[in-house]
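A.B. asks: This is final_36.cif (mmCIF, C-alpha atoms and all ligand atoms).
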```
data_final
loop_
_atom_site.label_atom_id
_atom_site.label_comp_id
_atom_site.auth_asym_id
_atom_site.auth_seq_id
_atom_site.Cartn_x
_atom_site.Cartn_y
_atom_site.Cartn_z
CA MET A 257 2.22 28.43 -0.66
CA ILE A 258 5.28 27.03 1.14
CA ILE A 259 5.88 27.64 4.84
CA GLU A 260 9.38 26.95 6.11
CA THR A 261 10.48 26.44 9.72
CA GLU A 262 13.76 25.36 11.24
CA ARG A 263 13.18 21.63 10.62
CA LEU A 264 10.06 21.47 8.47
CA ILE A 265 8.53 22.46 5.18
CA LEU A 266 4.75 22.83 4.99
CA ARG A 267 3.62 22.54 1.40
CA PRO A 268 0.60 21.47 -0.69
CA PHE A 269 0.12 17.73 -1.21
CA VAL A 270 1.30 16.05 -4.42
CA GLU A 271 0.42 12.65 -5.90
CA GLU A 272 3.71 11.13 -4.72
CA ASP A 273 2.67 11.66 -1.06
CA ALA A 274 0.16 8.78 -1.17
CA GLN A 275 2.38 6.20 0.59
CA ASP A 276 3.38 8.54 3.44
CA VAL A 277 -0.22 9.67 4.00
CA PHE A 278 -1.44 6.06 3.89
CA GLU A 279 0.99 5.30 6.76
CA TYR A 280 -0.79 7.62 9.19
CA LEU A 281 -4.33 7.55 7.78
CA HIS A 282 -4.65 3.79 7.46
CA GLU A 283 -5.51 3.70 11.17
CA PRO A 284 -6.54 7.24 12.17
CA ALA A 285 -5.37 7.86 15.74
CA VAL A 286 -8.54 9.53 17.00
CA ASN A 287 -12.25 9.11 16.34
CA CYS A 288 -12.66 12.59 14.90
CA PHE A 289 -10.62 11.46 11.88
CA ALA A 290 -12.46 8.15 11.46
CA CYS A 291 -14.11 9.39 8.26
CA MET A 292 -10.65 10.04 6.75
CA LYS A 293 -9.53 6.42 7.10
CA LEU A 294 -7.77 5.12 3.98
CA GLU A 295 -8.34 1.39 3.41
CA THR A 296 -5.81 0.93 0.60
CA LEU A 297 -2.91 2.67 -1.10
CA GLU A 298 -5.21 3.18 -4.09
CA ASP A 299 -7.58 5.15 -1.83
CA ALA A 300 -4.59 7.24 -0.75
CA LYS A 301 -3.72 7.97 -4.37
CA ARG A 302 -7.28 9.07 -5.07
CA GLU A 303 -7.19 11.24 -1.95
CA MET A 304 -4.00 12.94 -3.19
CA GLN A 305 -5.77 13.75 -6.47
CA LYS A 306 -8.43 15.59 -4.44
CA ARG A 307 -5.92 17.39 -2.27
CA LYS A 308 -3.39 18.48 -4.85
CA GLY A 309 -5.25 21.65 -5.89
CA GLU A 310 -5.35 22.84 -2.27
CA THR A 311 -2.62 25.44 -2.05
CA GLU A 312 -3.73 27.90 0.66
CA TYR A 313 -5.29 26.10 3.59
CA TYR A 314 -4.23 22.44 3.52
CA PHE A 315 -0.58 21.52 4.06
CA ALA A 316 1.57 18.42 4.18
CA ILE A 317 4.05 18.62 7.05
CA THR A 318 7.38 17.39 5.68
CA VAL A 319 10.79 16.95 7.30
CA LYS A 320 13.31 19.20 5.60
CA ASP A 321 16.17 16.70 5.75
CA THR A 322 14.34 13.73 4.24
CA GLY A 323 11.29 15.15 2.46
CA LYS A 324 9.04 12.63 4.24
CA VAL A 325 5.43 13.64 4.83
CA ILE A 326 4.96 13.12 8.58
CA GLY A 327 1.52 14.65 8.99
CA GLU A 328 -0.83 17.40 7.98
CA ILE A 329 -2.40 20.63 9.13
CA ASP A 330 -5.32 22.56 7.68
CA ALA A 331 -7.89 25.21 8.47
CA TYR A 332 -10.45 26.89 6.27
CA PRO A 333 -11.95 30.37 6.66
CA GLU A 334 -15.32 30.49 8.41
CA SER A 335 -17.72 33.33 9.00
CA ASN A 336 -18.56 34.26 12.55
CA GLU A 337 -21.42 36.55 11.68
CA ALA A 338 -24.92 35.44 12.55
CA TYR A 339 -26.37 36.55 9.21
CA PRO A 340 -23.58 36.34 6.63
CA ASP A 341 -23.97 38.01 3.25
CA GLU A 342 -21.59 38.85 0.43
CA ASP A 343 -19.92 41.59 2.54
CA THR A 344 -19.28 39.33 5.50
CA ILE A 345 -15.70 39.22 6.69
CA ILE A 346 -14.40 35.67 6.84
CA ASP A 347 -11.80 35.73 9.59
CA THR A 348 -12.26 32.68 11.80
CA PHE A 349 -10.30 29.43 11.40
CA SER A 350 -10.35 26.05 13.13
CA PRO A 351 -7.25 23.92 12.53
CA CYS A 352 -6.97 20.15 12.33
CA TRP A 353 -3.56 18.64 12.97
CA MET A 354 -2.19 15.16 12.96
CA LEU A 355 1.20 13.51 12.86
CA ASN A 356 2.35 10.02 12.00
CA LYS A 357 2.77 8.42 15.45
CA GLU A 358 6.43 7.65 14.70
CA TYR A 359 7.10 11.39 14.58
CA GLN A 360 5.18 12.54 17.65
CA GLY A 361 6.92 13.73 20.79
CA ARG A 362 9.64 15.59 18.90
CA GLY A 363 8.14 19.07 18.85
CA TYR A 364 7.21 18.87 15.16
CA ALA A 365 3.50 19.54 15.73
CA TYR A 366 4.24 22.67 17.72
CA GLU A 367 6.75 23.89 15.15
CA ALA A 368 4.27 23.33 12.31
CA ALA A 369 1.25 24.79 14.14
CA ARG A 370 3.14 27.90 15.25
CA ALA A 371 4.21 28.64 11.69
CA PHE A 372 0.69 27.89 10.39
CA PHE A 373 -0.90 30.25 12.95
CA ASP A 374 1.64 32.95 12.00
CA TYR A 375 0.63 32.47 8.37
CA LEU A 376 -3.13 32.62 9.11
CA PHE A 377 -2.80 35.74 11.28
CA SER A 378 -0.33 37.61 9.10
CA GLN A 379 -1.35 36.58 5.59
CA LYS A 380 -4.87 35.13 5.58
CA GLY A 381 -6.76 37.69 7.63
CA ALA A 382 -7.38 35.51 10.68
CA ARG A 383 -8.91 37.32 13.66
CA ARG A 384 -9.74 34.23 15.73
CA ILE A 385 -8.41 30.69 15.64
CA TYR A 386 -10.25 28.06 17.67
CA ALA A 387 -9.70 24.35 18.08
CA TYR A 388 -11.95 21.52 19.18
CA THR A 389 -10.37 18.55 20.88
CA GLU A 390 -11.84 15.62 22.78
CA ASP A 391 -11.44 15.50 26.55
CA TYR A 392 -9.21 12.40 26.37
CA ASN A 393 -6.87 13.92 23.78
CA ILE A 394 -4.22 15.21 26.17
CA ALA A 395 -1.54 15.66 23.47
CA SER A 396 -3.79 17.94 21.43
CA GLN A 397 -4.85 19.95 24.51
CA HIS A 398 -1.19 20.31 25.46
CA LEU A 399 -0.41 21.60 21.97
CA CYS A 400 -3.24 24.17 22.20
CA GLU A 401 -1.89 25.37 25.53
CA LYS A 402 1.69 25.62 24.23
CA LEU A 403 0.37 27.75 21.38
CA GLY A 404 -1.07 30.14 23.95
CA MET A 405 -4.69 29.21 23.28
CA ARG A 406 -7.22 29.83 26.02
CA LYS A 407 -9.42 26.97 27.22
CA GLU A 408 -12.89 28.38 26.57
CA GLY A 409 -15.07 25.53 27.64
CA GLU A 410 -16.05 21.91 27.60
CA PHE A 411 -19.13 20.66 25.80
CA LYS A 412 -20.58 17.50 27.29
CA GLU A 413 -21.58 14.76 24.84
CA PHE A 414 -21.08 17.31 22.06
CA ILE A 415 -20.52 15.14 19.01
CA SER A 416 -20.42 11.55 17.79
CA PHE A 417 -17.91 10.27 15.22
CA ILE A 418 -18.46 6.54 15.66
CA ASN A 419 -21.16 4.23 17.00
CA ASN A 420 -21.10 2.01 20.06
CA GLU A 421 -21.25 -1.75 19.57
CA ASP A 422 -25.03 -1.65 19.94
CA GLY A 423 -25.28 0.84 17.04
CA THR A 424 -26.07 3.90 19.16
CA PRO A 425 -23.96 7.05 18.67
CA ARG A 426 -20.91 7.32 20.93
CA TYR A 427 -20.98 10.92 22.11
CA GLU A 428 -17.72 12.57 23.09
CA ASN A 429 -16.94 15.47 25.41
CA THR A 430 -15.25 18.25 23.47
CA MET A 431 -12.98 21.04 24.73
CA GLN A 432 -12.73 24.34 22.89
CA TYR A 433 -9.52 26.39 22.83
CA ALA A 434 -9.00 29.72 21.05
CA ILE A 435 -6.64 32.60 20.47
CA LEU A 436 -7.23 36.02 18.93
CA LYS A 437 -4.90 37.85 16.60
CA ARG A 438 -4.27 40.53 19.22
CA GLU A 439 -3.16 37.81 21.64
CA TRP A 440 -0.71 36.21 19.21
CA PRO A 441 2.89 37.22 19.88
CA THR A 442 4.68 38.95 17.02
CA ASP A 443 8.46 38.99 17.20
C1 LIG B 501 -1.88 16.22 18.64
C2 LIG B 501 -0.51 15.89 18.06
C3 LIG B 501 -0.40 16.52 16.67
C4 LIG B 501 0.57 16.46 18.99
O1 LIG B 501 1.84 16.05 18.53
P1 LIG B 501 3.13 16.05 19.51
O2 LIG B 501 4.25 15.50 18.76
O3 LIG B 501 2.74 15.38 20.78
O4 LIG B 501 3.29 17.60 19.86
P2 LIG B 501 4.55 18.55 20.00
O5 LIG B 501 5.09 18.94 18.68
O6 LIG B 501 4.08 19.66 20.85
O7 LIG B 501 5.68 17.71 20.73
C5 LIG B 501 5.49 17.20 22.02
C6 LIG B 501 6.78 16.94 22.75
O8 LIG B 501 7.88 16.70 21.91
C7 LIG B 501 9.07 16.86 22.73
N1 LIG B 501 10.23 17.26 21.94
C8 LIG B 501 11.22 16.41 21.59
N2 LIG B 501 12.12 17.04 20.83
C9 LIG B 501 11.73 18.33 20.70
C10 LIG B 501 12.26 19.47 20.04
N3 LIG B 501 13.41 19.39 19.32
N4 LIG B 501 11.59 20.63 20.11
C11 LIG B 501 10.46 20.73 20.83
N5 LIG B 501 9.90 19.68 21.49
C12 LIG B 501 10.52 18.48 21.42
C13 LIG B 501 8.74 17.86 23.80
O9 LIG B 501 9.00 17.23 25.03
C14 LIG B 501 7.25 18.10 23.61
O10 LIG B 501 6.58 17.99 24.81
P3 LIG B 501 6.48 19.28 25.82
O11 LIG B 501 5.65 20.29 25.10
O12 LIG B 501 5.81 18.73 27.00
O13 LIG B 501 7.85 19.78 26.05
C15 LIG B 501 -0.30 14.35 17.96
O14 LIG B 501 -0.47 13.79 19.23
C16 LIG B 501 -1.22 13.66 16.99
O15 LIG B 501 -1.00 13.67 15.79
N6 LIG B 501 -2.29 13.00 17.49
C17 LIG B 501 -3.21 12.26 16.67
C18 LIG B 501 -4.11 13.18 15.88
C19 LIG B 501 -4.88 14.13 16.77
O16 LIG B 501 -5.23 13.78 17.88
N7 LIG B 501 -5.18 15.34 16.26
C20 LIG B 501 -5.94 16.33 16.98
C21 LIG B 501 -7.38 16.02 16.96
S1 LIG B 501 -8.30 17.17 17.96
#
```
Rewrite the structure from the file as structure tokens, please.
C.D. replies:
Amino acid sequence: MIIETERLILRPFVEEDAQDVFEYLHEPAVNCFACMKLETLEDAKREMQKRKGETEYYFAITVKDTGKVIGEIDAYPESNEAYPDEDTIIDTFSPCWMLNKEYQGRGYAYEAARAFFDYLFSQKGARRIYAYTEDYNIASQHLCEKLGMRKEGEFKEFISFINNEDGTPRYENTMQYAILKREWPTD
């Protein structure tokens, strides 16, 4: 699947993306991506091997003019039924987004996320899209709000991604935002 916007192309990852992905995943910007840290370019190449079969839910965000991979966006279908079985409708998605810091503050994340939400709602059966973001992540909260997502709550000491210096878990306060298909504007 390819998603095109005014300035961007969202497409599946290919092996040749390793260097660009290494640039932004060598030092993940936020703790929630700590487990995705790539130590070496070789790790990035191996990661691209894993990602390259992902054609529906995991996209490289590339600049149309240059072809550079400046970030990524993904979301996988989840069930929201308490007791799922084989007939359960899978219609809930929770996106992750991240941009190379050199390309932030230019509206690229909003452009990519808007197109991705359009795709999930119109082509992938999404009924509800929700996002978790830490309370200190103002840029991500701002993006949720620009996308028209409702702030649904804040969970105190909800999750730990890294440990404190003394080895104890560092718990973070997490905000939840969401939007329903019927709330998503269709032009
Ligand atoms: C979260 C993240 C993706 C947001 O990226 P971003 O670049 O700040 O977001 P946007 O695309 O909305 O762009 C922001 C600003 O670009 C500016 N901008 C510059 N040129 C622009 C243009 N041509 N069109 C639109 N906006 C433009 C706008 O001022 C906009 O700010 P505004 O909404 O206040 O007007 C980014 O901060 C990031 O990658 N963070 C690290 C990873 C992360 O935290 N992920 C989320 C974990 S929960």
A.B. asks: Point out the residue among A:Arg384, A:Arg406, A:Lys306, A:Arg370 with the least atom-to-atom distance to A:Asp347, counting all atoms listed in the file.
C.D. replies: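 Of the candidates, the smallest distance to A:Asp347 is held by A:Arg384.
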A.B. asks: Which residue out of A:Tyr386, A:Trp353, A:Phe373, A:Phe417 has the minimum interatomic distance to ligand LIG 501 (chain B) when all atoms listed in the file are used?
C.D. replies: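 Among A:Tyr386, A:Trp353, A:Phe373, A:Phe417, it is A:Trp353 that comes nearest to ligand LIG 501 (chain B).
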A.B. asks: Sort by chain and increasing residue number a table of all residues of chain A within 10 Å of ligand LIG 501 (chain B), each with its closest pair of atoms and their distance in Å to one decimal, counting only C-alpha atoms and all ligand atoms, and write it as a Markdown table.
C.D. replies:
```
| residue | atom | partner | partner_atom | distance |
| --- | --- | --- | --- | --- |
| A:Arg263 | CA | B:LIG501 | N3 | 9.0 |
| A:Tyr280 | CA | B:LIG501 | O15 | 9.0 |
| A:Leu281 | CA | B:LIG501 | C18 | 9.9 |
| A:Pro284 | CA | B:LIG501 | C18 | 7.4 |
| A:Ala285 | CA | B:LIG501 | C17 | 5.0 |
| A:Val286 | CA | B:LIG501 | O16 | 5.5 |
| A:Asn287 | CA | B:LIG501 | C21 | 8.5 |
| A:Cys288 | CA | B:LIG501 | C21 | 6.6 |
| A:Phe289 | CA | B:LIG501 | C21 | 7.6 |
| A:Ile326 | CA | B:LIG501 | O15 | 9.4 |
| A:Gly327 | CA | B:LIG501 | O15 | 7.3 |
| A:Glu328 | CA | B:LIG501 | O15 | 8.7 |
| A:Ile329 | CA | B:LIG501 | C3 | 8.8 |
| A:Pro351 | CA | B:LIG501 | S1 | 8.7 |
| A:Cys352 | CA | B:LIG501 | C20 | 6.1 |
| A:Trp353 | CA | B:LIG501 | N7 | 4.9 |
| A:Met354 | CA | B:LIG501 | O15 | 3.4 |
| A:Leu355 | CA | B:LIG501 | O15 | 3.7 |
| A:Asn356 | CA | B:LIG501 | O15 | 6.2 |
| A:Lys357 | CA | B:LIG501 | O15 | 6.5 |
| A:Glu358 | CA | B:LIG501 | O2 | 9.1 |
| A:Tyr359 | CA | B:LIG501 | O2 | 6.5 |
| A:Gln360 | CA | B:LIG501 | O2 | 3.3 |
| A:Gly361 | CA | B:LIG501 | O8 | 3.3 |
| A:Arg362 | CA | B:LIG501 | C8 | 3.2 |
| A:Gly363 | CA | B:LIG501 | O5 | 3.1 |
| A:Tyr364 | CA | B:LIG501 | O5 | 4.1 |
| A:Ala365 | CA | B:LIG501 | O5 | 3.4 |
| A:Tyr366 | CA | B:LIG501 | O5 | 3.9 |
| A:Glu367 | CA | B:LIG501 | O5 | 6.3 |
| A:Ala368 | CA | B:LIG501 | O5 | 7.8 |
| A:Ala369 | CA | B:LIG501 | O5 | 8.3 |
| A:Arg370 | CA | B:LIG501 | O5 | 9.8 |
| A:Ala387 | CA | B:LIG501 | S1 | 7.3 |
| A:Tyr388 | CA | B:LIG501 | S1 | 5.8 |
| A:Thr389 | CA | B:LIG501 | S1 | 3.8 |
| A:Glu390 | CA | B:LIG501 | S1 | 6.2 |
| A:Asp391 | CA | B:LIG501 | S1 | 9.3 |
| A:Tyr392 | CA | B:LIG501 | O16 | 9.5 |
| A:Asn393 | CA | B:LIG501 | O16 | 6.1 |
| A:Ile394 | CA | B:LIG501 | C1 | 7.9 |
| A:Ala395 | CA | B:LIG501 | O14 | 4.8 |
| A:Ser396 | CA | B:LIG501 | C1 | 3.8 |
| A:Gln397 | CA | B:LIG501 | C1 | 7.6 |
| A:His398 | CA | B:LIG501 | O11 | 6.8 |
| A:Leu399 | CA | B:LIG501 | O6 | 5.0 |
| A:Cys400 | CA | B:LIG501 | O6 | 8.7 |
| A:Glu401 | CA | B:LIG501 | O11 | 9.1 |
| A:Lys402 | CA | B:LIG501 | O11 | 6.7 |
| A:Leu403 | CA | B:LIG501 | O6 | 8.9 |
| A:Thr430 | CA | B:LIG501 | S1 | 8.9 |
| A:Met431 | CA | B:LIG501 | S1 | 9.1 |
| A:Gln432 | CA | B:LIG501 | S1 | 9.8 |
```
A.B. asks: Which residues, protein or nucleic acid, reach to within 7 Å of (7.2, 24.0, 9.4) in the file's coordinates when using only C-alpha atoms, and can you give that as an MDAnalysis selection string?
C.D. replies: chainID A and resid 259:266 317 367:368 371
A.B. asks: Show which residues sit within 9 Å of stretch 440-442 of chain A, as a ChimeraX atom specification. Count only C-alpha atoms, and ignore same-chain residues fewer than 4 positions away.
C.D. replies: /A:373-374,377,403-404,435-436
A.B. asks: Atom CA of A:Arg302 and atom CA of A:Asn419 are how many Å apart?
C.D. replies: 26.5 Å
